[in-house]
$ cat input32.cif   # mmCIF, C-alpha atoms
data_data
#
loop_
_atom_site.label_atom_id
_atom_site.label_comp_id
_atom_site.auth_asym_id
_atom_site.auth_seq_id
_atom_site.Cartn_x
_atom_site.Cartn_y
_atom_site.Cartn_z
CA MET A 1 0.00 0.00 0.00
CA ILE A 2 1.38 3.38 -1.02
CA LYS A 3 1.54 6.00 1.72
CA GLN A 4 -0.49 9.18 1.35
CA LEU A 5 1.31 12.47 0.89
CA THR A 6 0.65 15.86 2.43
CA LYS A 7 -0.26 18.71 0.08
CA ALA A 8 3.32 20.08 0.22
CA GLU A 9 4.85 16.65 -0.42
CA GLU A 10 2.50 16.05 -3.33
CA GLU A 11 3.41 19.44 -4.83
CA ILE A 12 7.11 18.49 -4.78
CA MET A 13 6.32 15.07 -6.26
CA GLN A 14 4.33 16.68 -9.09
CA VAL A 15 7.43 18.73 -9.96
CA LEU A 16 9.73 15.70 -9.79
CA TRP A 17 7.39 13.65 -11.98
CA GLN A 18 7.44 16.54 -14.46
CA LEU A 19 11.23 17.03 -14.35
CA GLU A 20 12.03 13.30 -13.97
CA GLU A 21 15.04 14.35 -11.88
CA GLY A 22 16.57 17.46 -10.41
CA ASN A 23 18.31 19.13 -7.51
CA VAL A 24 16.55 21.30 -4.92
CA LYS A 25 17.24 24.45 -6.97
CA ASP A 26 15.66 22.87 -10.10
CA ILE A 27 12.55 21.96 -8.10
CA ILE A 28 12.21 25.46 -6.61
CA GLU A 29 12.49 26.99 -10.11
CA VAL A 30 9.36 25.10 -11.26
CA LEU A 31 7.27 25.87 -8.15
CA SER A 32 4.85 28.78 -8.33
CA HIS A 33 5.22 32.06 -6.43
CA PRO A 34 5.75 32.65 -3.60
CA LYS A 35 8.73 30.31 -3.84
CA PRO A 36 9.37 28.24 -0.72
CA ALA A 37 12.71 28.49 1.06
CA TYR A 38 15.53 26.16 -0.03
CA ASN A 39 15.58 24.49 3.42
CA THR A 40 11.82 23.86 3.26
CA VAL A 41 12.07 22.03 -0.07
CA SER A 42 15.16 20.16 1.10
CA THR A 43 13.31 18.97 4.23
CA ILE A 44 10.28 17.84 2.22
CA ILE A 45 12.53 15.88 -0.14
CA ARG A 46 14.15 14.11 2.82
CA ILE A 47 10.67 13.21 4.09
CA LEU A 48 9.80 11.88 0.61
CA GLU A 49 12.96 9.76 0.74
CA THR A 50 11.90 8.38 4.14
CA LYS A 51 8.46 7.57 2.69
CA GLU A 52 10.28 5.85 -0.22
CA PHE A 53 8.86 8.08 -2.95
CA VAL A 54 12.20 9.63 -3.91
CA THR A 55 15.84 8.61 -3.96
CA HIS A 56 19.00 10.42 -5.01
CA ARG A 57 22.43 10.10 -6.53
CA GLN A 58 25.41 12.26 -5.69
CA GLU A 59 26.60 14.67 -8.33
CA GLY A 60 29.58 16.78 -7.34
CA LYS A 61 28.86 18.23 -3.90
CA GLY A 62 25.10 17.99 -4.28
CA TYR A 63 22.34 15.48 -4.89
CA ILE A 64 20.08 14.82 -7.85
CA TYR A 65 16.67 13.55 -6.74
CA PHE A 66 14.32 11.40 -8.76
CA PRO A 67 10.99 9.66 -8.11
CA ILE A 68 10.86 5.92 -7.46
CA VAL A 69 7.06 5.83 -7.30
CA LYS A 70 5.40 6.37 -10.67
CA LYS A 71 2.76 9.08 -10.94
CA ALA A 72 0.17 6.61 -12.30
CA GLU A 73 0.82 4.28 -9.36
CA TYR A 74 0.26 7.07 -6.83
CA SER A 75 -2.81 8.38 -8.70
CA ASN A 76 -4.37 4.92 -8.73
CA SER A 77 -3.71 4.45 -5.02
CA SER A 78 -5.14 7.89 -4.17
CA LEU A 79 -8.24 7.28 -6.28
CA ASN A 80 -8.82 3.89 -4.63
CA LYS A 81 -8.49 5.51 -1.19
CA LEU A 82 -10.97 8.25 -2.20
CA VAL A 83 -13.49 5.68 -3.45
CA GLU A 84 -13.07 3.59 -0.31
CA ASN A 85 -13.37 6.52 2.12
CA TYR A 86 -16.16 8.52 0.47
CA PHE A 87 -18.11 6.20 -1.86
CA GLN A 88 -18.35 2.92 0.10
CA GLY A 89 -15.73 1.36 -2.18
CA SER A 90 -17.97 1.74 -5.24
CA PHE A 91 -16.72 3.42 -8.41
CA LYS A 92 -20.34 3.41 -9.59
CA ASN A 93 -21.29 5.56 -6.56
CA MET A 94 -18.39 7.91 -7.30
CA VAL A 95 -19.30 8.35 -10.98
CA SER A 96 -22.95 8.84 -10.05
CA PHE A 97 -21.94 11.52 -7.54
CA PHE A 98 -19.84 13.40 -10.10
CA VAL A 99 -22.54 13.15 -12.76
CA LYS A 100 -25.13 14.65 -10.37
CA LYS A 101 -22.87 17.34 -8.89
CA ASN A 102 -21.14 18.41 -12.11
CA ASP A 103 -24.11 18.27 -14.46
CA ILE A 104 -22.33 16.06 -17.01
CA ASP A 105 -24.24 15.94 -20.28
CA LEU A 106 -24.98 12.83 -22.32
CA LYS A 107 -22.20 13.59 -24.85
CA ASP A 108 -19.55 13.80 -22.09
CA MET A 109 -20.88 10.62 -20.44
CA GLU A 110 -20.72 8.77 -23.76
CA ALA A 111 -17.14 9.94 -24.33
CA LEU A 112 -16.22 8.78 -20.83
CA LEU A 113 -17.78 5.35 -21.38
CA ASN A 114 -15.97 4.99 -24.72
CA GLU A 115 -12.65 5.89 -23.06
CA ILE A 116 -13.26 3.32 -20.31
CA LYS A 117 -14.14 0.66 -22.89
CA LYS A 118 -11.05 1.48 -24.97
CA ASN A 119 -8.77 1.23 -21.91
CA LYS A 120 -10.38 -2.02 -20.83
CA ASP A 121 -9.83 -3.57 -24.28
CA GLU A 122 -6.12 -2.66 -24.32
#
$ encode --input "input32.cif" --output "structure tokens"
Amino acid sequence: MIKQLTKAEEEIMQVLWQLEEGNVKDIIEVLSHPKPAYNTVSTIIRILETKEFVTHRQEGKGYIYFPIVKKAEYSNSSLNKLVENYFQGSFKNMVSFFVKKNDIDLKDMEALLNEIKKNKDE
């Protein structure tokens, strides 16, 4: 089971998934304003290493960090947790909820069903 991330940890992971690898300075460059302090990002990366989401290699005097958990793997785990916690473990309940709350029209629903069918056939 993949551990859940805090909002700050997830933000750093999103950047690392995008960059594929980078040092703390590279990560800060991609983050939106206001930019967090170098030490803050460095601490979050160490936490992500402890949680086994990130690892590093030494390059010169510094480290290059890269994800060891794939984005799709984390997304799937998070979605499953959401369905379990809020929709009694039923994807049908979740889809029904989003259809009602987001006023999805028939065209969008058909496109969604076609996408699901296509992915299932692959």
$ closest_residue --input "input32.cif" --among "A:Thr50, A:Lys71, A:Asn80, A:Tyr63" --to "A:Lys25" --atoms "all atoms listed in the file"
A:Tyr63
$ atom_distance --input "input32.cif" --atom1 "atom CA of A:Glu73" --atom2 "atom CA of A:Leu112"
21.0 Å
$ closest_residue --input "input32.cif" --among "A:Phe91, A:Phe98, A:Phe53, A:Tyr86" --to "A:Gln14" --atoms "all atoms listed in the file"
A:Phe53
$ atom_distance --input "input32.cif" --atom1 "atom CA of A:Lys7" --atom2 "atom CA of A:Asn93"
25.7 Å
$ residues_around --input "input32.cif" --residues "A:Glu29" --least-positions-apart "5" --cutoff "12 Å" --atoms "all atoms listed in the file" --output "list in words"
Ile12, Val15, Leu16, Leu19, Gly22, Asn23, Val24, Pro34, Lys35, Pro36, Ala37, Tyr38 and Val41 of chain A
$ closest_residue --input "input32.cif" --among "A:Ser42, A:Gln58, A:Ser75, A:Asn85" --to "A:Asp26" --atoms "all atoms listed in the file"
A:Ser42
$ atom_distance --input "input32.cif" --atom1 "atom CA of A:Thr6" --atom2 "atom CA of A:Met94"
22.8 Å
$ closest_residue --input "input32.cif" --among "A:Ala8, A:Met13, A:Val95, A:Leu113" --to "A:Pro67" --atoms "all atoms listed in the file"
A:Met13
$ axis_aligned_box --input "input32.cif" --around "stretch 70-73 of chain A" --padding-each-side "3 Å" --output "lines of an AutoDock Vina configuration file"
center_x = 2.8
center_y = 6.7
center_z = -10.8
size_x = 11.2
size_y = 10.8
size_z = 8.9
$ resolve_selection --input "input32.cif" --expression "the PyMOL selection byres ((chain A and resi 52) around 9)" --output "list in words"
Lys3, Ile47, Leu48, Glu49, Thr50, Lys51, Phe53, Val54, Thr55, Pro67, Ile68 and Val69 of chain A
$ closest_residue --input "input32.cif" --among "A:Ile44, A:Met109, A:Lys100, A:Leu79" --to "A:Ile28" --atoms "all atoms listed in the file"
A:Ile44
